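S.K.: One structure follows; several queries about it will come next.
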Amino acid sequence: MSTRTVIDFDHHSKEYAEQVARNPTAYFQELQTRNPVAWTNSHGGFWVVFRYADVRRVAEDDATFSSRHDLPDGATPFAGIVIPPSPGRTTPIEMDPPEFFDYRRMLNRRFAPAAVERLKPAMLSFTTWCIDQHIESGRIDLVLDLASPVPALMTLYVLGIPLEHWPLYAEIGHAVVYTPPSSPEHPKVVAGDLRMREILLEIIRERRRNPGAGDDLITHIANAQVAGRPLPDSQLVEIGALIVHGGVDTTTSLIAHSFDYLERHPEERRRLRDDPSLIPAACEEFLRYYTPTQSLARTATRDVELGGQLIKAGDRVMMSWASANHDPAVFDHPERIDLERFPNRHTGFGLGVHRCLGSNFARAQYAIVVEQALKRMPDYTLIRAEAERYETFGTINGYIKMPATFTAVARSRESLPEEFAAIAR
């Protein structure tokens, strides 16, 4: 067993963001070769795992590498799935089996392929409406006006939150991720997140008083039982907030990176526009290459050897999904974006039992938004001088804004369904 390998690594740093934006394959392959499992003293100290095989081992061994988050009382080292840890616990992603399965089963049916299929007309309606707001002007922000509102609207629609709240949820869902704690804007973001949770709590309590009022997700979980007991309000808010943050920001990031790549590669843009059946495979490749959720963490429950390093019980361990997606041991020429890559065993939605609950939901939204954008704004051109990326990629690799121009055309003749009319007011 070698002595502990220590590296200078901080996934929240500007240097990390610049390296990933410039050349992720070169950056991660150097780490995989020189320090596949290494310790960093950043954020109180933690291990980083870079190779696909090691990342997979951590993700699939819940007994050794725990997702559990105990609120900071000093009694245990379990600090959940992000580094540095969040101030509160998130249900159920910060739970371990077998308890985790009770909560996951409660949610699975709502995000199963059949349920997502039924949601596609709503996805198309929201996408059409968003594009129609700008189609006659010839100018759109592909993030703020399309890639952000569609996932936000769909997430609120599934949860059963009034759609008029979508601007708050879209803004805060992104700002929570890209606003560093040191920013003067951070208190405003925290206040917005609290307001978002207050709205969730108000709706949860109303759905408990009127359980027959609808078939939305909040009604379902507010009146469900786990292990024979109803869930407390605090856990219900945690579940709702998890779905909001998971549903809003990551899908936006994936769509934005796709728009960026396709604008720089017009021949690939034409291929997808002319044959939309290629879009699902392209989605998987963009998930691999850009990896919206760059990493997640675990806590070691026992002493264990990994990659020649001794990880001790209580040590924090970060899995670099992004690095695993650029591992040449798994992906031929990972530096290339191959829109027909197969097989594509990327980690963009995670691995193991905690694999993303909303993966089918995200894929469906992605396909509809990209297809409609290429169909209705086929010659879009980014105004790159005005585009703005996240300052830190520590949580999500995304864009704040992405202005573009295109040839203006007439609005769609499709009207927004009456049940969605609140967003048009």
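Chain identifiers are assigned as A, B, and so on, following the order in which chains appear in the structure tokens; residues are numbered from 1 within each chain, and ligands are numbered from 1 in order of appearance.
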If we count only C-alpha atoms, what is near Arg89 (chain A) at a cut-off of 8 Å, once residues fewer than 4 positions away on the same chain are taken out, given as a PyMOL selection string?
M.R.: chain A and resi 69-71+80+94+238
S.K.: Go ahead and write the residues just picked, N, CA and C atoms, as a JSON list (two decimals), in the first residue's frame.
M.R.:
```
[["chain", "number", "residue", "atom", "x", "y", "z"],
["A", 69, "HIS", "N", -26.70, 11.26, 4.95],
["A", 69, "HIS", "CA", -26.39, 12.60, 5.43],
["A", 69, "HIS", "C", -27.04, 12.79, 6.79],
["A", 70, "ASP", "N", -26.22, 12.89, 7.82],
["A", 70, "ASP", "CA", -26.71, 13.23, 9.16],
["A", 70, "ASP", "C", -26.52, 14.72, 9.34],
["A", 71, "LEU", "N", -27.53, 15.38, 9.80],
["A", 71, "LEU", "CA", -27.43, 16.82, 9.97],
["A", 71, "LEU", "C", -26.28, 17.15, 10.91],
["A", 80, "GLY", "N", -23.45, 13.27, 3.31],
["A", 80, "GLY", "CA", -24.22, 13.31, 2.08],
["A", 80, "GLY", "C", -23.43, 13.26, 0.80],
["A", 94, "GLU", "N", -30.00, 11.08, -0.27],
["A", 94, "GLU", "CA", -29.01, 10.98, 0.80],
["A", 94, "GLU", "C", -29.43, 9.94, 1.83],
["A", 238, "GLU", "N", -38.18, 18.16, 1.22],
["A", 238, "GLU", "CA", -36.90, 17.68, 0.71],
["A", 238, "GLU", "C", -37.07, 16.96, -0.63]]
```
S.K.: Report as an mmCIF file with C-alpha atoms, in the first residue's frame all protein, DNA and RNA residues lying within 12 Å of Arg109 (chain A), evaluated on only C-alpha atoms, omitting residues in the same chain fewer than 6 positions from it.
M.R.:
```cif
data_model
loop_
_atom_site.group_PDB
_atom_site.id
_atom_site.type_symbol
_atom_site.label_atom_id
_atom_site.label_comp_id
_atom_site.auth_asym_id
_atom_site.auth_seq_id
_atom_site.Cartn_x
_atom_site.Cartn_y
_atom_site.Cartn_z
ATOM 1 C CA TYR A 103 -38.821 6.049 -0.949
ATOM 2 C CA ALA A 115 -45.640 8.047 -17.520
ATOM 3 C CA VAL A 116 -43.097 10.108 -19.472
ATOM 4 C CA LEU A 217 -46.828 14.187 -7.707
ATOM 5 C CA HIS A 220 -49.254 11.463 -4.387
ATOM 6 C CA ILE A 221 -46.373 11.851 -1.927
ATOM 7 C CA LEU A 357 -34.745 9.031 -11.118
ATOM 8 C CA GLY A 358 -35.651 11.487 -13.884
ATOM 9 C CA ASN A 360 -36.384 9.213 -18.947
ATOM 10 C CA PHE A 361 -38.023 12.563 -18.196
#
```
S.K.: Determine, counting only C-alpha atoms, which protein, DNA and RNA residues have an atom within 10 Å of an atom of Ile279 (chain A); residues of the same chain fewer than 2 positions away are not included. Present the result as a CSV table (one decimal) with C-alpha atoms, in the first residue's frame.
M.R.:
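To be explicit, this is the file written out as part_15.csv:
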```csv
chain,number,residue,atom,x,y,z
A,271,ARG,CA,-27.9,15.8,-39.8
A,272,LEU,CA,-30.0,16.1,-36.7
A,273,ARG,CA,-32.4,18.6,-38.3
A,275,ASP,CA,-33.1,13.1,-39.3
A,276,PRO,CA,-34.5,13.7,-35.8
A,277,SER,CA,-34.3,10.0,-35.1
A,281,ALA,CA,-28.1,9.0,-29.5
A,282,ALA,CA,-26.7,12.6,-29.7
A,283,CYS,CA,-28.2,13.2,-26.3
A,284,GLU,CA,-26.3,10.3,-24.8
A,285,GLU,CA,-23.0,11.5,-26.3
A,339,LEU,CA,-23.2,11.5,-32.2
A,340,GLU,CA,-23.7,7.8,-33.1
A,363,ARG,CA,-34.3,12.6,-22.3
A,366,TYR,CA,-34.2,17.1,-24.5
A,367,ALA,CA,-35.4,15.4,-27.7
A,368,ILE,CA,-38.4,17.6,-28.1
A,370,VAL,CA,-33.7,20.2,-29.7
A,371,GLU,CA,-35.9,18.9,-32.5
```
S.K.: Mind checking which residues fall within 12 Å of Lys401 (chain A), counting only C-alpha atoms, ignoring those fewer than 5 positions away in the same chain, and posting them as a PyMOL selection string?
M.R.: chain A and resi 140-148+171+174-175+178+252-253+256-257+259-260+382-390
S.K.: Name all residues at most 9 Å from region 95-98 of chain A (count only C-alpha atoms; drop same-chain ones fewer than 2 positions away) and give them as a PyMOL selection string.
M.R.: chain A and resi 62-63+66-69+80+90-93+100-102+353-354
S.K.: Check the DSSP output for the backbone and give back, as a JSON list (two decimals) with C-alpha atoms, in the first residue's frame, the residues of region 291-373 of chain A in helix (DSSP H, G or I).
M.R.:
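Contents of selection_29.json, freshly written:
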```
[["chain", "number", "residue", "atom", "x", "y", "z"],
["A", 321, "TRP", "CA", -18.56, 11.29, -13.24],
["A", 322, "ALA", "CA", -16.96, 13.69, -15.73],
["A", 323, "SER", "CA", -13.56, 12.05, -15.54],
["A", 324, "ALA", "CA", -15.05, 8.55, -15.87],
["A", 359, "SER", "CA", -33.43, 10.17, -16.70],
["A", 360, "ASN", "CA", -36.38, 9.21, -18.95],
["A", 361, "PHE", "CA", -38.02, 12.56, -18.20],
["A", 362, "ALA", "CA", -34.86, 14.50, -19.11],
["A", 363, "ARG", "CA", -34.27, 12.56, -22.33],
["A", 364, "ALA", "CA", -37.80, 13.18, -23.56],
["A", 365, "GLN", "CA", -37.62, 16.92, -22.90],
["A", 366, "TYR", "CA", -34.21, 17.12, -24.53],
["A", 367, "ALA", "CA", -35.38, 15.42, -27.73],
["A", 368, "ILE", "CA", -38.44, 17.65, -28.10],
["A", 369, "VAL", "CA", -36.66, 20.94, -27.37],
["A", 370, "VAL", "CA", -33.72, 20.20, -29.68],
["A", 371, "GLU", "CA", -35.91, 18.91, -32.51],
["A", 372, "GLN", "CA", -38.22, 21.94, -32.37],
["A", 373, "ALA", "CA", -35.34, 24.42, -32.14]]
```
S.K.: Which parts of region 130-266 of chain A does DSSP call strand (DSSP E) when run on the backbone here, written out as JSON, numbers by chain?
M.R.: {"A": [139, 140, 141, 225, 226, 229, 230]}
S.K.: Compare A:Ile135, A:Ala122, A:Met106, A:Ile311 by their minimum atom-to-atom distance to Thr405 (chain A), counting only C-alpha atoms, and give me the closest one.
M.R.: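 Of all the options, A:Ile135 lies closest to Thr405 (chain A).
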S.K.: Pick from A:Met377, A:Val150, A:Ala297, A:Ala224: nearest to Ile255 (chain A), with only C-alpha atoms counted?
M.R.: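 Once distances to Ile255 (chain A) are computed over only C-alpha atoms, the minimum belongs to A:Val150.
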S.K.: Looking at only C-alpha atoms, which of A:Thr179, A:Gln225, A:Gln235, A:Thr299 is the one that sits closest to Leu200 (chain A)?
M.R.: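 Distance minimum relative to Leu200 (chain A) lands on A:Gln235.
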S.K.: Identify which of the residues A:Pro180, A:Pro187, A:Gly307, A:Gly228 lies closest to Phe50 (chain A), counting only C-alpha atoms when measuring atom-to-atom distances.
M.R.: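 Among the listed residues, the smallest separation from Phe50 (chain A) belongs to A:Gly307.
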S.K.: Identify, on the basis of only C-alpha atoms, every residue whose closest approach to Ala241 (chain A) does not exceed 12 Å; exclude the query and any residue fewer than 2 positions from it along the same chain; express the result as a ChimeraX atom specification.
M.R.: /A:88-93,155-156,159,161,169,172-173,176,193-201,218,234-239,243-248
S.K.: Do a neighbour search on Phe9 (chain A) at 12 Å with only C-alpha atoms, toss out local chain neighbours closer than 3 positions, and write the hits as a PyMOL selection string.
M.R.: chain A and resi 5-6+12-17+19+27-28+31+35+37-43+45-50+318+320+394
S.K.: Taking only C-alpha atoms into account, name the residue in A:Asn397, A:Thr301, A:Thr347, A:Asn325 that is nearest to Thr251 (chain A).
M.R.: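 Distance minimum relative to Thr251 (chain A) lands on A:Asn397.
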S.K.: For CA of His333 (chain A) and CA of Gly350 (chain A), quote the distance in Å rounded to one decimal.
M.R.: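 The value is 21.2 Å.
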